[in-house]
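Colleague: Below are the structure tokens for one structure; questions will follow.
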Amino acid sequence: MTLLTLLLSQAALSATFTVDASGDADYSSIQAAIDAASSGDTLSIAAGTYNENVSIDATWLTIEGAGAGATIIAGDGTSTTFAVSGGGVSMSHLTITGGAQGLSLRNVVGSLLAVTVENNNGGENGGGVSVTDAADINLDGVFITDNTGHNGGGLYVDASSQIIATSTWVANNEASGAGGGIYASGKIQITSTELHDNTSAESGGGIYATGLSPEIVDSNFWGNTAGDNGGGLAVDNGSTGSGVNPRLKGCEFWLNGATNHGGAIWMEASGLFYFKQLLVVMNTAGGDGGGLWVSGGQPTSTFVRAWYNEADGDGGGAVFSGVNGGETRKSSFGGNIAGGMGGGAVHASPAALHTIHNNRYIENTAETGGGLLIDDDSARFSVVSNVDVIGNTGGGVAFVNADAMKMVNGIVAWNTGDGISADATSAEAGILKYNDVHGNTDSYGDALSDMTGVDGNIDQDPRYQRFDADGDPISDFLVLNDDSPCIQTGKPEILNRDSSRSDYGSYGGPGSEGGDEDDDGVGPAGGDCDDGDAKAAPGLTEVVGDGRDNDCAGGGELDMDGDGSLYPLDCDDDNADIYPGAADTPGDGIDADCDGTDGMTEDSGEPVGADTGAPWVDEDTSGADLGHDRDGDGYTDDDCNDADPTAHPGADEICDDGIDNDCDGDTDDADGDCAVADKGCGCAAGASTTPASMIFLLLAGLIARRRD
């Protein structure tokens, strides 16, 4: 008998058992049904609350509820609500809550679909979900919220295990250790996932990863906080000594905070780092690196956009320290603030060549190096070329302890302070060639003499297509006009993408943005103001407050009313009288200070349902905030199952899936729609064909047994 024949034979013998707490089913208890089931069977659990702690041991089962929020398994608060050990499980459409830990998966192959794990509170690793002992789990449309634990308030993955998470929501979890949302020392692949408002006492407010290489794509980190490093994400291999190769692409980091370093991202590792198309906005660090803090490894950063981040120490936008190679390219750092040095970015103590080219540093602020600081580079590893350093406060570019500094083809203009400064150590053997240094308080400073007219350095208006020192760097477009003196006058040995002599600035040289790198149909030459983001291109609809100049027409972005407060912290960005800290008159129906109440809390304390505008907080249940429509199906208060996008008013009833798809209160054959012959109702209890997900689980189990 072949393996497939054996598998299909077992599938044909599988059965479906129904569970209903009312007693109108095969079993009234989930555990009783599990105890009676054999590998390959399915448990169909009716809507209701099941007050029991459940365990599965070395069995392969499919567990189907009537919908998250409809089928609720509630633990006793003292132990794990749902524990699976060995074998496999396919679990869908239910809620797990009320335990000291929500769900434990040990040595399990399985999947979770449209499952909610919430309000489990204890001191275990993985307060919501724990994946350990060589477990391999897929999560799709899973909500892990409001749990507490030690490492991994929401989700814990040990070094022997792995997860793949898609369209998952991890929010409002808290860790007394590291990883408020997720702690992973095993392999994690995360796609299209939201990590919001998680908190850790140690590092990694959103995610803490160590040991293996996390891959995170098209996911969002909002409002996470860490008591140490990495408000949004912390990656560390210090405890393993092996290479960690993180890959981040298409992710957004907003309003995360770290007590120490790396408001959005903190990484310390020895492998290859890949950061591409990241949007890093309004994050804060009590130490260095308001946006990013990266140490060691070989980081390659491409199309990183760091706006309005703040560090009490150095590197308002980013810090790259002790790197062993890689490059920072085609990236923008604007509106960032450092309490120390390097408002836009700091590159310090490199151990190998790390080129810094085709970047923009716009309207940042620091004591020294308002735009860019190069520190402690004695081997000419931090080579700067084809950059725009424009409108910064605290100077443009500063070189400190950089014995062999080098900068070519840069445009450094309209900075308050020195355009380019270098201490005596840096200036002695430094190379500054073919730079346009114009309109700064002083062109050159510290130990540098005036270089204008020497080695191709000029002092002329670069003639950008759009720049205004208005506090909104997102709206600037630093492509050169045709009459610019910086076109094809750069260093002759450097060529543009079209093989012509290089331009000065970030759009010149062989590594510049060009063509159509984001595949949105237009490149910089056609007016695409961000060729690393398909959500920004001429002709697109402007989305106010998303951190992009979507239509590439300029104009305000995160401070539309000009009151100095940025959206989304400013709850009404069309009214300059409404912003955090404004005087709020009680009883006038206006939340002027954006604290969620009408009037100062100490005066009245009576909430009126005003919305602070923070996308991860829904004060007024109006559906305006991200997260109120959790499954993204367009339905809010009338959605009977907000964890399943296929279930909402007006949906077609599927007659054999155990779900009230159309939200009319009836499920499957109890729904009048299923009486129609062409609906194909097949929901009777008893023997049934094993679903495809279970076939895969059985196949994996049979293979494992054969290996044993």
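To be explicit about the labels: the chains of the structure tokens are called A, B, and onward in the order shown, and within each one the residues are counted from 1, while ligands get numbers from 1 in the order they are shown.
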Mind listing the strand (DSSP E) residues of region 165-204 of chain A, per DSSP on the backbone, as a PyMOL selection string?

Modeller: chain A and resi 165-166+169-171+174-175+182-184+187-191+194-196+199-200

Colleague: If you run DSSP over the backbone, which residues in region 9-193 of chain A end up alpha helix (DSSP H)? Put them as JSON, numbers by chain.

Modeller: {"A": [9, 10, 11, 12, 30, 31, 32, 33, 34, 35, 36]}

Colleague: Could you dump the residues just selected with C-alpha atoms as an mmCIF file, in the first residue's frame?

Modeller:
```
data_model
loop_
_atom_site.group_PDB
_atom_site.id
_atom_site.type_symbol
_atom_site.label_atom_id
_atom_site.label_comp_id
_atom_site.auth_asym_id
_atom_site.auth_seq_id
_atom_site.Cartn_x
_atom_site.Cartn_y
_atom_site.Cartn_z
ATOM 1 C CA SER A 9 -7.790 5.305 3.606
ATOM 2 C CA GLN A 10 -7.348 6.940 7.007
ATOM 3 C CA ALA A 11 -9.087 10.095 5.760
ATOM 4 C CA ALA A 12 -12.105 8.092 4.667
ATOM 5 C CA ILE A 30 -14.834 19.873 24.331
ATOM 6 C CA GLN A 31 -12.526 17.680 26.404
ATOM 7 C CA ALA A 32 -14.996 14.796 26.299
ATOM 8 C CA ALA A 33 -15.099 15.009 22.505
ATOM 9 C CA ILE A 34 -11.300 15.093 22.335
ATOM 10 C CA ASP A 35 -11.044 12.048 24.568
ATOM 11 C CA ALA A 36 -13.397 10.145 22.268
#
```

Colleague: So, with only C-alpha atoms as the atoms that count, which of A:Gly179, A:Gly326, A:Gly75, A:Gly289 lies closest to Val346 (chain A)?

Modeller: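 So, comparing all the options, the nearest one is A:Gly289.
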
Colleague: When you look at Ala165 (chain A) with a cut-off of 12 Å (counting only C-alpha atoms), what residues show up, excluding the ones that are within fewer than 5 positions of it in the same chain? I need them as a ChimeraX atom specification.

Modeller: /A:111-114,136-144,155,157,170,182,187-195,214-219

Colleague: Might you pull out every residue within 6 Å of Glu310 (chain A), with only C-alpha atoms counted and same-chain residues fewer than 4 positions away left off, and present them as a list of chain:residue names?

Modeller: A:Thr284, A:Gly290, A:Gly316, A:Asn336, A:Ile337, A:Ala338

Colleague: For Tyr464 (chain A), which residue among A:Val400, A:Val383, A:Ala553, A:Cys486 is the nearest when counting only C-alpha atoms?

Modeller: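 Smallest distance to Tyr464 (chain A) is found for A:Cys486.
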
Colleague: Please report the interatomic distance between CA of Gly86 (chain A) and CA of Gly206 (chain A) in Å with one decimal.

Modeller: 29.0 Å

Colleague: Near Asn107 (chain A), within 10 Å and counting only C-alpha atoms, which residues show up once chain neighbours fewer than 3 positions away are dropped, as an mmCIF file with all heavy atoms, in the first residue's frame?

Modeller:
```
data_model
loop_
_atom_site.group_PDB
_atom_site.id
_atom_site.type_symbol
_atom_site.label_atom_id
_atom_site.label_comp_id
_atom_site.auth_asym_id
_atom_site.auth_seq_id
_atom_site.Cartn_x
_atom_site.Cartn_y
_atom_site.Cartn_z
ATOM 1 N N ALA A 58 -0.727 13.949 21.560
ATOM 2 C CA ALA A 58 -0.285 13.017 20.519
ATOM 3 C C ALA A 58 -1.423 12.571 19.606
ATOM 4 O O ALA A 58 -1.501 11.406 19.217
ATOM 5 C CB ALA A 58 0.401 11.816 21.147
ATOM 6 N N VAL A 84 -1.710 21.679 23.718
ATOM 7 C CA VAL A 84 -1.556 20.626 22.716
ATOM 8 C C VAL A 84 -0.115 20.146 22.780
ATOM 9 O O VAL A 84 0.822 20.944 22.677
ATOM 10 C CB VAL A 84 -1.890 21.130 21.299
ATOM 11 C CG1 VAL A 84 -1.849 19.974 20.308
ATOM 12 C CG2 VAL A 84 -3.254 21.812 21.276
ATOM 13 N N SER A 85 0.061 18.833 22.910
ATOM 14 C CA SER A 85 1.398 18.260 23.001
ATOM 15 C C SER A 85 1.518 17.089 22.042
ATOM 16 O O SER A 85 0.754 16.125 22.132
ATOM 17 C CB SER A 85 1.676 17.793 24.434
ATOM 18 O OG SER A 85 2.954 17.208 24.530
ATOM 19 N N GLY A 86 2.456 17.187 21.091
ATOM 20 C CA GLY A 86 2.640 16.128 20.124
ATOM 21 C C GLY A 86 1.524 16.111 19.095
ATOM 22 O O GLY A 86 0.481 16.758 19.233
ATOM 23 N N GLY A 87 1.732 15.365 18.015
ATOM 24 C CA GLY A 87 0.707 15.249 16.986
ATOM 25 C C GLY A 87 0.529 16.528 16.206
ATOM 26 O O GLY A 87 1.489 17.244 15.907
ATOM 27 N N GLY A 88 -0.725 16.846 15.874
ATOM 28 C CA GLY A 88 -0.982 18.031 15.065
ATOM 29 C C GLY A 88 -2.368 18.563 15.308
ATOM 30 O O GLY A 88 -3.270 17.845 15.768
ATOM 31 N N SER A 104 -0.872 26.576 24.440
ATOM 32 C CA SER A 104 0.469 25.998 24.434
ATOM 33 C C SER A 104 0.542 24.936 23.350
ATOM 34 O O SER A 104 -0.296 24.016 23.309
ATOM 35 C CB SER A 104 0.781 25.374 25.803
ATOM 36 O OG SER A 104 1.999 24.649 25.747
ATOM 37 N N GLY A 110 0.977 22.322 12.973
ATOM 38 C CA GLY A 110 -0.411 22.748 12.915
ATOM 39 C C GLY A 110 -0.621 24.131 12.359
ATOM 40 O O GLY A 110 0.306 24.793 11.886
ATOM 41 N N VAL A 131 4.908 28.465 21.578
ATOM 42 C CA VAL A 131 5.241 27.498 20.532
ATOM 43 C C VAL A 131 6.621 26.949 20.861
ATOM 44 O O VAL A 131 7.623 27.654 20.729
ATOM 45 C CB VAL A 131 5.223 28.171 19.145
ATOM 46 C CG1 VAL A 131 5.558 27.164 18.057
ATOM 47 C CG2 VAL A 131 3.863 28.810 18.878
ATOM 48 N N THR A 132 6.694 25.687 21.294
ATOM 49 C CA THR A 132 7.945 25.154 21.811
ATOM 50 C C THR A 132 8.165 23.703 21.380
ATOM 51 O O THR A 132 7.290 23.073 20.793
ATOM 52 C CB THR A 132 7.958 25.211 23.352
ATOM 53 O OG1 THR A 132 6.920 24.371 23.862
ATOM 54 C CG2 THR A 132 7.763 26.629 23.869
ATOM 55 N N ASP A 133 9.365 23.201 21.695
ATOM 56 C CA ASP A 133 9.712 21.787 21.516
ATOM 57 C C ASP A 133 9.526 21.329 20.070
ATOM 58 O O ASP A 133 8.815 20.363 19.794
ATOM 59 C CB ASP A 133 8.894 20.914 22.461
ATOM 60 C CG ASP A 133 9.162 21.230 23.921
ATOM 61 O OD1 ASP A 133 10.130 20.693 24.476
ATOM 62 O OD2 ASP A 133 8.419 22.063 24.465
ATOM 63 N N ALA A 134 10.193 22.047 19.142
ATOM 64 C CA ALA A 134 10.193 21.686 17.718
ATOM 65 C C ALA A 134 8.805 21.791 17.085
ATOM 66 O O ALA A 134 8.481 21.042 16.157
ATOM 67 C CB ALA A 134 10.780 20.295 17.510
ATOM 68 N N ALA A 135 7.995 22.715 17.554
ATOM 69 C CA ALA A 135 6.689 22.945 16.940
ATOM 70 C C ALA A 135 6.842 23.761 15.658
ATOM 71 O O ALA A 135 7.766 24.565 15.519
ATOM 72 C CB ALA A 135 5.769 23.668 17.920
ATOM 73 N N ASP A 136 5.911 23.546 14.737
ATOM 74 C CA ASP A 136 5.916 24.235 13.438
ATOM 75 C C ASP A 136 4.487 24.681 13.170
ATOM 76 O O ASP A 136 3.617 23.860 12.859
ATOM 77 C CB ASP A 136 6.414 23.282 12.351
ATOM 78 C CG ASP A 136 6.604 23.973 11.005
ATOM 79 O OD1 ASP A 136 6.155 25.126 10.858
ATOM 80 O OD2 ASP A 136 7.194 23.346 10.107
ATOM 81 N N ILE A 137 4.238 25.993 13.276
ATOM 82 C CA ILE A 137 2.871 26.492 13.298
ATOM 83 C C ILE A 137 2.687 27.609 12.268
ATOM 84 O O ILE A 137 3.518 28.513 12.155
ATOM 85 C CB ILE A 137 2.505 27.044 14.695
ATOM 86 C CG1 ILE A 137 2.743 25.980 15.775
ATOM 87 C CG2 ILE A 137 1.066 27.532 14.710
ATOM 88 C CD1 ILE A 137 1.884 24.751 15.655
ATOM 89 N N SER A 160 13.903 25.902 19.069
ATOM 90 C CA SER A 160 13.716 24.710 18.239
ATOM 91 C C SER A 160 12.498 24.797 17.330
ATOM 92 O O SER A 160 12.254 23.895 16.527
ATOM 93 C CB SER A 160 13.568 23.476 19.141
ATOM 94 O OG SER A 160 12.366 23.545 19.898
ATOM 95 N N SER A 161 11.738 25.875 17.432
ATOM 96 C CA SER A 161 10.439 25.945 16.765
ATOM 97 C C SER A 161 10.404 27.058 15.733
ATOM 98 O O SER A 161 11.314 27.893 15.647
ATOM 99 C CB SER A 161 9.330 26.159 17.803
ATOM 100 O OG SER A 161 9.339 25.129 18.763
#
```
